[in-house]
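Containing mmCIF, C-alpha atoms: coords11.cif.
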```cif
data_query
#
loop_
_atom_site.group_PDB
_atom_site.id
_atom_site.type_symbol
_atom_site.label_atom_id
_atom_site.label_comp_id
_atom_site.auth_asym_id
_atom_site.auth_seq_id
_atom_site.Cartn_x
_atom_site.Cartn_y
_atom_site.Cartn_z
ATOM 1 C CA LEU X 1 27.921 0.849 -5.846
ATOM 2 C CA SER X 2 25.622 3.042 -3.761
ATOM 3 C CA PHE X 3 22.950 2.956 -6.461
ATOM 4 C CA SER X 4 22.953 -0.839 -6.566
ATOM 5 C CA ILE X 5 22.504 -1.063 -2.798
ATOM 6 C CA LEU X 6 19.782 1.583 -2.607
ATOM 7 C CA GLY X 7 18.015 0.301 -5.698
ATOM 8 C CA ASN X 8 17.892 -3.251 -4.373
ATOM 9 C CA PRO X 9 14.445 -3.971 -2.901
ATOM 10 C CA LEU X 10 15.966 -6.485 -0.481
ATOM 11 C CA PHE X 11 17.920 -3.647 1.156
ATOM 12 C CA ALA X 12 14.656 -2.108 2.386
ATOM 13 C CA TYR X 13 13.903 -5.256 4.376
ATOM 14 C CA ALA X 14 17.372 -5.566 5.928
ATOM 15 C CA SER X 15 16.480 -3.189 8.774
ATOM 16 C CA LEU X 16 13.582 -5.470 9.751
ATOM 17 C CA ASP X 17 15.871 -8.425 10.490
ATOM 18 C CA THR X 18 16.132 -7.499 14.174
ATOM 19 C CA LYS X 19 13.350 -6.708 16.621
ATOM 20 C CA PRO X 20 12.739 -2.950 16.521
ATOM 21 C CA SER X 21 12.666 -0.732 19.574
ATOM 22 C CA SER X 22 9.732 1.262 18.196
ATOM 23 C CA LYS X 23 6.221 -0.169 17.923
ATOM 24 C CA VAL X 24 5.555 1.614 14.606
ATOM 25 C CA ILE X 25 8.061 1.005 11.827
ATOM 26 C CA ASP X 26 7.434 3.182 8.780
ATOM 27 C CA GLU X 27 9.702 1.728 6.094
ATOM 28 C CA SER X 28 7.484 3.244 3.398
ATOM 29 C CA GLY X 29 7.765 6.813 4.690
ATOM 30 C CA SER X 30 4.043 7.267 4.063
ATOM 31 C CA LEU X 31 2.761 7.691 7.630
ATOM 32 C CA THR X 32 2.538 11.144 9.138
ATOM 33 C CA ASN X 33 4.211 11.927 12.456
ATOM 34 C CA SER X 34 0.828 12.562 14.039
ATOM 35 C CA SER X 35 -0.516 9.162 12.948
ATOM 36 C CA ILE X 36 2.654 7.432 14.223
ATOM 37 C CA ASN X 37 2.380 9.228 17.589
ATOM 38 C CA TYR X 38 -1.327 8.396 17.873
ATOM 39 C CA ILE X 39 -0.736 4.708 17.161
ATOM 40 C CA GLU X 40 2.243 4.491 19.551
ATOM 41 C CA LYS X 41 0.239 6.084 22.388
ATOM 42 C CA SER X 42 -2.721 3.768 21.903
ATOM 43 C CA LEU X 43 -0.425 0.717 21.702
ATOM 44 C CA SER X 44 1.312 1.659 24.956
ATOM 45 C CA LYS X 45 -2.102 1.943 26.663
ATOM 46 C CA LEU X 46 -3.059 -1.416 25.160
ATOM 47 C CA LYS X 47 0.114 -3.027 26.537
ATOM 48 C CA GLU X 48 -0.948 -2.017 30.050
ATOM 49 C CA ILE X 49 -4.296 -3.766 29.519
ATOM 50 C CA SER X 50 -3.305 -6.893 27.596
ATOM 51 C CA GLY X 51 0.357 -7.350 28.474
ATOM 52 C CA GLY X 52 1.238 -8.043 24.849
ATOM 53 C CA GLU X 53 3.160 -5.991 22.314
ATOM 54 C CA VAL X 54 1.727 -4.882 18.974
ATOM 55 C CA TYR X 55 4.066 -3.913 16.137
ATOM 56 C CA PHE X 56 2.939 -1.963 13.072
ATOM 57 C CA VAL X 57 5.167 -2.262 9.990
ATOM 58 C CA SER X 58 4.329 -0.023 7.034
ATOM 59 C CA ILE X 59 6.104 -1.001 3.823
ATOM 60 C CA ARG X 60 5.745 0.167 0.246
ATOM 61 C CA SER X 61 5.844 -3.315 -1.286
ATOM 62 C CA LEU X 62 6.245 -6.868 -0.062
ATOM 63 C CA PRO X 63 9.198 -9.184 -0.588
ATOM 64 C CA TYR X 64 8.914 -11.370 -3.672
ATOM 65 C CA GLU X 65 5.925 -13.763 -3.666
ATOM 66 C CA LYS X 66 4.824 -12.925 -0.110
ATOM 67 C CA THR X 67 1.370 -11.969 1.104
ATOM 68 C CA PRO X 68 1.034 -9.432 3.936
ATOM 69 C CA GLN X 69 -0.075 -12.299 6.201
ATOM 70 C CA GLU X 70 2.998 -14.410 5.359
ATOM 71 C CA TYR X 71 5.324 -11.470 5.842
ATOM 72 C CA ALA X 72 3.747 -10.681 9.237
ATOM 73 C CA LYS X 73 4.309 -14.319 10.251
ATOM 74 C CA ASP X 74 7.941 -14.146 9.057
ATOM 75 C CA LEU X 75 8.577 -11.017 11.140
ATOM 76 C CA PHE X 76 6.836 -12.525 14.176
ATOM 77 C CA GLN X 77 9.114 -15.563 14.013
ATOM 78 C CA LYS X 78 12.258 -13.590 13.098
ATOM 79 C CA TRP X 79 11.786 -11.266 16.075
ATOM 80 C CA ASN X 80 11.030 -14.177 18.451
ATOM 81 C CA LEU X 81 7.892 -12.484 19.750
ATOM 82 C CA GLY X 82 5.830 -13.853 22.617
ATOM 83 C CA GLU X 83 2.496 -15.616 22.459
ATOM 84 C CA LYS X 84 0.647 -12.426 23.511
ATOM 85 C CA ASP X 85 2.222 -10.321 20.731
ATOM 86 C CA VAL X 86 0.844 -9.159 17.383
ATOM 87 C CA VAL X 87 2.509 -8.027 14.132
ATOM 88 C CA VAL X 88 0.597 -5.905 11.634
ATOM 89 C CA VAL X 89 2.065 -5.427 8.149
ATOM 90 C CA LEU X 90 0.629 -2.606 6.049
ATOM 91 C CA ALA X 91 1.531 -3.073 2.377
ATOM 92 C CA ASN X 92 0.867 0.221 0.617
ATOM 93 C CA LYS X 93 1.428 -0.804 -2.997
ATOM 94 C CA ILE X 94 -1.346 -3.411 -2.913
ATOM 95 C CA ALA X 95 -3.420 -1.603 -0.246
ATOM 96 C CA LYS X 96 -3.733 -4.668 1.977
ATOM 97 C CA ALA X 97 -2.621 -5.592 5.470
ATOM 98 C CA GLY X 98 -1.666 -8.815 7.174
ATOM 99 C CA ILE X 99 -1.838 -9.685 10.856
ATOM 100 C CA TYR X 100 -0.097 -12.489 12.698
ATOM 101 C CA PHE X 101 -0.630 -13.065 16.420
ATOM 102 C CA GLY X 102 0.452 -15.416 19.168
ATOM 103 C CA THR X 103 -1.646 -18.257 20.514
ATOM 104 C CA GLU X 104 -2.447 -16.469 23.790
ATOM 105 C CA VAL X 105 -4.239 -13.635 21.972
ATOM 106 C CA LYS X 106 -7.776 -14.911 22.567
ATOM 107 C CA THR X 107 -9.835 -11.869 21.561
ATOM 108 C CA LEU X 108 -8.535 -11.755 17.969
ATOM 109 C CA ASN X 109 -9.425 -14.483 15.478
ATOM 110 C CA GLU X 110 -8.483 -15.245 11.869
ATOM 111 C CA THR X 111 -11.772 -13.870 10.515
ATOM 112 C CA SER X 112 -11.307 -10.484 12.188
ATOM 113 C CA ALA X 113 -7.633 -10.368 11.182
ATOM 114 C CA LYS X 114 -8.537 -11.084 7.557
ATOM 115 C CA SER X 115 -11.308 -8.472 7.627
ATOM 116 C CA ILE X 116 -8.922 -5.847 9.011
ATOM 117 C CA GLY X 117 -6.407 -6.622 6.273
ATOM 118 C CA GLU X 118 -8.838 -6.821 3.375
ATOM 119 C CA GLU X 119 -11.561 -4.333 4.364
ATOM 120 C CA THR X 120 -10.427 -1.881 7.049
ATOM 121 C CA TYR X 121 -6.953 -1.006 5.734
ATOM 122 C CA PRO X 122 -7.834 -0.814 2.003
ATOM 123 C CA PHE X 123 -10.768 1.537 2.671
ATOM 124 C CA ASN X 124 -8.443 4.568 2.945
ATOM 125 C CA ALA X 125 -5.234 3.034 1.546
ATOM 126 C CA ARG X 126 -6.761 2.810 -1.949
ATOM 127 C CA GLU X 127 -7.108 6.577 -1.816
ATOM 128 C CA GLU X 128 -3.436 6.790 -0.719
ATOM 129 C CA GLN X 129 -4.443 8.002 2.743
ATOM 130 C CA TYR X 130 -2.048 5.635 4.485
ATOM 131 C CA GLY X 131 -1.984 7.489 7.808
ATOM 132 C CA SER X 132 -5.783 7.368 8.102
ATOM 133 C CA ALA X 133 -5.816 3.726 7.020
ATOM 134 C CA ALA X 134 -3.219 2.826 9.669
ATOM 135 C CA ILE X 135 -5.229 4.656 12.352
ATOM 136 C CA ASP X 136 -8.377 2.788 11.267
ATOM 137 C CA VAL X 137 -6.542 -0.535 11.613
ATOM 138 C CA ASN X 138 -5.144 0.551 14.977
ATOM 139 C CA ASN X 139 -8.538 1.624 16.338
ATOM 140 C CA ARG X 140 -10.245 -1.595 15.295
ATOM 141 C CA LEU X 141 -7.386 -3.772 16.551
ATOM 142 C CA VAL X 142 -7.151 -1.952 19.895
ATOM 143 C CA SER X 143 -10.904 -2.323 20.374
ATOM 144 C CA ILE X 144 -10.677 -6.071 19.739
ATOM 145 C CA LEU X 145 -7.552 -6.651 21.840
ATOM 146 C CA SER X 146 -8.857 -4.619 24.794
ATOM 147 C CA ASN X 147 -11.958 -6.853 24.786
ATOM 148 C CA LYS X 148 -14.361 -4.060 23.797
ATOM 149 C CA GLY X 149 -15.604 -6.014 20.774
ATOM 150 C CA ASP X 150 -15.059 -5.748 17.047
ATOM 151 C CA PRO X 151 -16.570 -2.560 15.596
ATOM 152 C CA GLY X 152 -16.360 -4.138 12.140
ATOM 153 C CA PRO X 153 -15.019 -2.756 8.892
ATOM 154 C CA PRO X 154 -15.786 0.795 7.797
ATOM 155 C CA ASN X 155 -18.880 1.481 5.780
ATOM 156 C CA VAL X 156 -17.852 0.574 2.244
ATOM 157 C CA ASN X 157 -20.633 2.606 0.648
ATOM 158 C CA ARG X 158 -18.794 5.742 -0.274
ATOM 159 C CA ASN X 159 -20.690 8.758 -1.484
ATOM 160 C CA ASN X 160 -21.084 7.560 -5.035
ATOM 161 C CA ASN X 161 -23.482 10.015 -6.512
ATOM 162 C CA ASN X 162 -24.776 8.670 -9.764
ATOM 163 C CA SER X 163 -25.126 12.224 -10.955
ATOM 164 C CA SER X 164 -22.491 13.153 -13.448
ATOM 165 C CA ASN X 165 -20.674 16.383 -14.137
ATOM 166 C CA PHE X 166 -21.455 15.897 -17.818
ATOM 167 C CA LYS X 167 -24.637 17.026 -19.485
ATOM 168 C CA SER X 168 -26.972 14.516 -21.050
ATOM 169 C CA ALA X 169 -27.067 14.091 -24.833
ATOM 170 C CA LYS X 170 -30.497 15.744 -24.950
ATOM 171 C CA LYS X 171 -29.330 18.894 -23.113
ATOM 172 C CA THR X 172 -26.196 19.058 -25.221
ATOM 173 C CA GLU X 173 -28.236 18.874 -28.430
ATOM 174 C CA GLU X 174 -30.643 21.593 -27.207
ATOM 175 C CA GLN X 175 -27.811 23.949 -26.350
ATOM 176 C CA ARG X 176 -25.911 23.138 -29.554
ATOM 177 C CA SER X 177 -28.728 24.568 -31.699
ATOM 178 C CA LYS X 178 -28.749 27.754 -29.572
ATOM 179 C CA TYR X 179 -24.993 28.198 -29.965
ATOM 180 C CA ILE X 180 -25.124 27.540 -33.715
ATOM 181 C CA ALA X 181 -27.780 30.254 -34.077
ATOM 182 C CA ILE X 182 -25.678 32.724 -32.070
ATOM 183 C CA ILE X 183 -22.562 31.987 -34.134
ATOM 184 C CA VAL X 184 -24.463 32.408 -37.422
ATOM 185 C CA ILE X 185 -25.859 35.762 -36.251
ATOM 186 C CA LEU X 186 -22.397 36.952 -35.188
ATOM 187 C CA LEU X 187 -20.902 35.911 -38.548
ATOM 188 C CA VAL X 188 -23.636 37.744 -40.455
ATOM 189 C CA ILE X 189 -23.094 40.865 -38.350
ATOM 190 C CA ALA X 190 -19.325 40.611 -38.844
ATOM 191 C CA PHE X 191 -19.731 40.615 -42.640
ATOM 192 C CA VAL X 192 -22.671 43.032 -42.986
ATOM 193 C CA VAL X 193 -21.562 45.820 -40.611
ATOM 194 C CA PRO X 194 -18.265 46.570 -42.415
ATOM 195 C CA MET X 195 -20.141 46.778 -45.741
ATOM 196 C CA VAL X 196 -22.539 49.443 -44.525
#
```

Would you kindly transcribe this structure into structure tokens?
Amino acid sequence: LSFSILGNPLFAYASLDTKPSSKVIDESGSLTNSSINYIEKSLSKLKEISGGEVYFVSIRSLPYEKTPQEYAKDLFQKWNLGEKDVVVVLANKIAKAGIYFGTEVKTLNETSAKSIGEETYPFNAREEQYGSAAIDVNNRLVSILSNKGDPGPPNVNRNNNNSSNFKSAKKTEEQRSKYIAIIVILLVIAFVVPMV
């Protein structure tokens, strides 16, 4: 019986049925304590400025046929949040985030929310650096909500050196002839020396 309850993916979402007391809910278990503490501190400072609450929910996977945006909206409505509040859902399995916010949140718009979910969060989440990805989302969101402007998504151009660790075909062929010559010489020495 315990395996059927724990193995049921719906069980993971049961704890999210009621409004949480914490502002960072790590259902996935993938955020570090330091990243959770950092986000909670910055959200408490933001509450003093904006008056609204921001909730971060990190989950491994989404409920069946839900997008992160839809799930954030579901939680917002289920928790009866105010018009100044924001819900951020971080879906680790698909490396995307969804944001839903009340109508009195004037500094955040749909374009910025979509960019945060599809550009900011995936930047580090694709590399399974969920704590860093959550902090990136937090920093961008706090900047927008505290009316300091949108810093934009992270620079997507990673250090993609086009240089390879493999040698070119030309270099391989040059070295192959050297190694063949060395092996032939060693074989000749191995047969000739014992005969002398």

Where is the centre and how long are the edges: axis-aligned box on range 130-146 of chain X, 8 Å on each side, Å to one decimal, as JSON:
```
{"center_x": -6.4, "center_y": 0.4, "center_z": 14.6, "size_x": 24.9, "size_y": 30.1, "size_z": 36.3}
```

(Q) Could you check the closest approach to Val57 in chain X for each of X:Asp17, X:Ser42, X:Val88, X:Thr103 and tell me which residue wins, using only C-alpha atoms? (A)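 Among the listed residues, X:Val88 lies closest to Val57 in chain X.
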
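Closest approach to Asn138 in chain X among X:Ser30, X:Ser44, X:Ser22, X:Ser177: X:Ser44, based on only C-alpha atoms.
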
**Q.** Shell of 12 Å around Thr111 in chain X, all atoms listed in the file, local chain residues under 4 positions omitted, as a list in words
**A.**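 With the cut-off at 12 Å, the set is Gly98, Ile99, Tyr100, Thr107, Ser115, Ile116, Gly117, Glu118, Glu119, Asp150, Gly152 and Pro153 of chain X.
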
Q) What lies within 10 Å of Ser132 in chain X using all atoms listed in the file, ignoring chain neighbours under 3 positions off, as a PyMOL selection string? A) chain X and resi 31-32+35+121+123-125+128-129+135-138

Q: Evaluate the PyMOL selection byres ((chain X and resi 87) around 9) and record the selected residues as an NGL selection string, following the chain and residue labels used in the document.
A: :X and (53-57 or 72-73 or 75-76 or 81 or 85-86 or 88-89 or 98-101)

Atoms to include: C-alpha atoms. Write the selected residues as a PDB file, keeping the file's coordinate frame.
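New file selection-v8.pdb:
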```pdb
ATOM      1  CA  GLU X  53       3.160  -5.991  22.314  1.00  0.00           C
ATOM      2  CA  VAL X  54       1.727  -4.882  18.974  1.00  0.00           C
ATOM      3  CA  TYR X  55       4.066  -3.913  16.137  1.00  0.00           C
ATOM      4  CA  PHE X  56       2.939  -1.963  13.072  1.00  0.00           C
ATOM      5  CA  VAL X  57       5.167  -2.262   9.990  1.00  0.00           C
ATOM      6  CA  ALA X  72       3.747 -10.681   9.237  1.00  0.00           C
ATOM      7  CA  LYS X  73       4.309 -14.319  10.251  1.00  0.00           C
ATOM      8  CA  LEU X  75       8.577 -11.017  11.140  1.00  0.00           C
ATOM      9  CA  PHE X  76       6.836 -12.525  14.176  1.00  0.00           C
ATOM     10  CA  LEU X  81       7.892 -12.484  19.750  1.00  0.00           C
ATOM     11  CA  ASP X  85       2.222 -10.321  20.731  1.00  0.00           C
ATOM     12  CA  VAL X  86       0.844  -9.159  17.383  1.00  0.00           C
ATOM     13  CA  VAL X  88       0.597  -5.905  11.634  1.00  0.00           C
ATOM     14  CA  VAL X  89       2.065  -5.427   8.149  1.00  0.00           C
ATOM     15  CA  GLY X  98      -1.666  -8.815   7.174  1.00  0.00           C
ATOM     16  CA  ILE X  99      -1.838  -9.685  10.856  1.00  0.00           C
ATOM     17  CA  TYR X 100      -0.097 -12.489  12.698  1.00  0.00           C
ATOM     18  CA  PHE X 101      -0.630 -13.065  16.420  1.00  0.00           C
TER      19      PHE X 101
END
```

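Distance annotation: of X:Lys93, X:Phe191, X:Glu174, X:Lys23, the residue with the minimal separation from Leu46 in chain X is X:Lys23; atom set is all atoms listed in the file.
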
Q: Would you work out the distance separating CA of Leu145 in chain X from CA of Lys41 in chain X, expressed in Å to one decimal?
A: 14.9 Å

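Proximity of X:Glu104, X:Asp74, X:Glu110, X:Glu65 to Thr18 in chain X, computed with all atoms listed in the file, is greatest for X:Asp74.
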
Q: Please indicate the distance in Å from CA of Pro63 in chain X to CA of Pro154 in chain X, rounded to one decimal place.
A: 28.2 Å

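For the pair CA of Gly82 in chain X and CA of Ile25 in chain X, the separation is 18.5 Å.
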
Run the PyMOL selection byres ((chain X and resi 49) around 12) on the file and write out the hits as a CSV table (one decimal) with C-alpha atoms, in the coordinates of the input.
```csv
chain,number,residue,atom,x,y,z
X,42,SER,CA,-2.7,3.8,21.9
X,43,LEU,CA,-0.4,0.7,21.7
X,44,SER,CA,1.3,1.7,25.0
X,45,LYS,CA,-2.1,1.9,26.7
X,46,LEU,CA,-3.1,-1.4,25.2
X,47,LYS,CA,0.1,-3.0,26.5
X,48,GLU,CA,-0.9,-2.0,30.0
X,50,SER,CA,-3.3,-6.9,27.6
X,51,GLY,CA,0.4,-7.4,28.5
X,52,GLY,CA,1.2,-8.0,24.8
X,53,GLU,CA,3.2,-6.0,22.3
X,84,LYS,CA,0.6,-12.4,23.5
X,142,VAL,CA,-7.2,-2.0,19.9
X,143,SER,CA,-10.9,-2.3,20.4
X,144,ILE,CA,-10.7,-6.1,19.7
X,145,LEU,CA,-7.6,-6.7,21.8
X,146,SER,CA,-8.9,-4.6,24.8
X,147,ASN,CA,-12.0,-6.9,24.8
X,148,LYS,CA,-14.4,-4.1,23.8
```

Q: Select, from X:Ala181, X:Asn139, X:Asn109, X:Gly102, the residue with the minimum atom-to-atom distance to Gln77 in chain X, counting only C-alpha atoms.
A: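 The shortest atom-to-atom distance to Gln77 in chain X comes from X:Gly102.
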
Q) Pick the closest to Ala91 in chain X from X:Pro151, X:Pro68, X:Pro20, X:Pro122: which is it, counting only C-alpha atoms? A)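 Smallest separation from Ala91 in chain X among the options: X:Pro68.
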
Q.
Could you tell me, as a list in words, exactly which residues end up selected when the PyMOL selection byres ((chain X and resi 27) around 8) is applied to this structure?
A.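 On the file shown, the PyMOL selection byres ((chain X and resi 27) around 8) covers Ala12, Ile25, Asp26, Ser28, Gly29, Val57, Ser58, Ile59 and Arg60 of chain X.
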
Any chance you could export the current selection's C-alpha atoms as a compact mmCIF listing (two decimals), keeping the file's coordinate frame?
```
# COMPACT_ATOMS: atom_id res chain seq x y z
CA ALA X 12 14.66 -2.11 2.39
CA ILE X 25 8.06 1.00 11.83
CA ASP X 26 7.43 3.18 8.78
CA SER X 28 7.48 3.24 3.40
CA GLY X 29 7.76 6.81 4.69
CA VAL X 57 5.17 -2.26 9.99
CA SER X 58 4.33 -0.02 7.03
CA ILE X 59 6.10 -1.00 3.82
CA ARG X 60 5.74 0.17 0.25
```
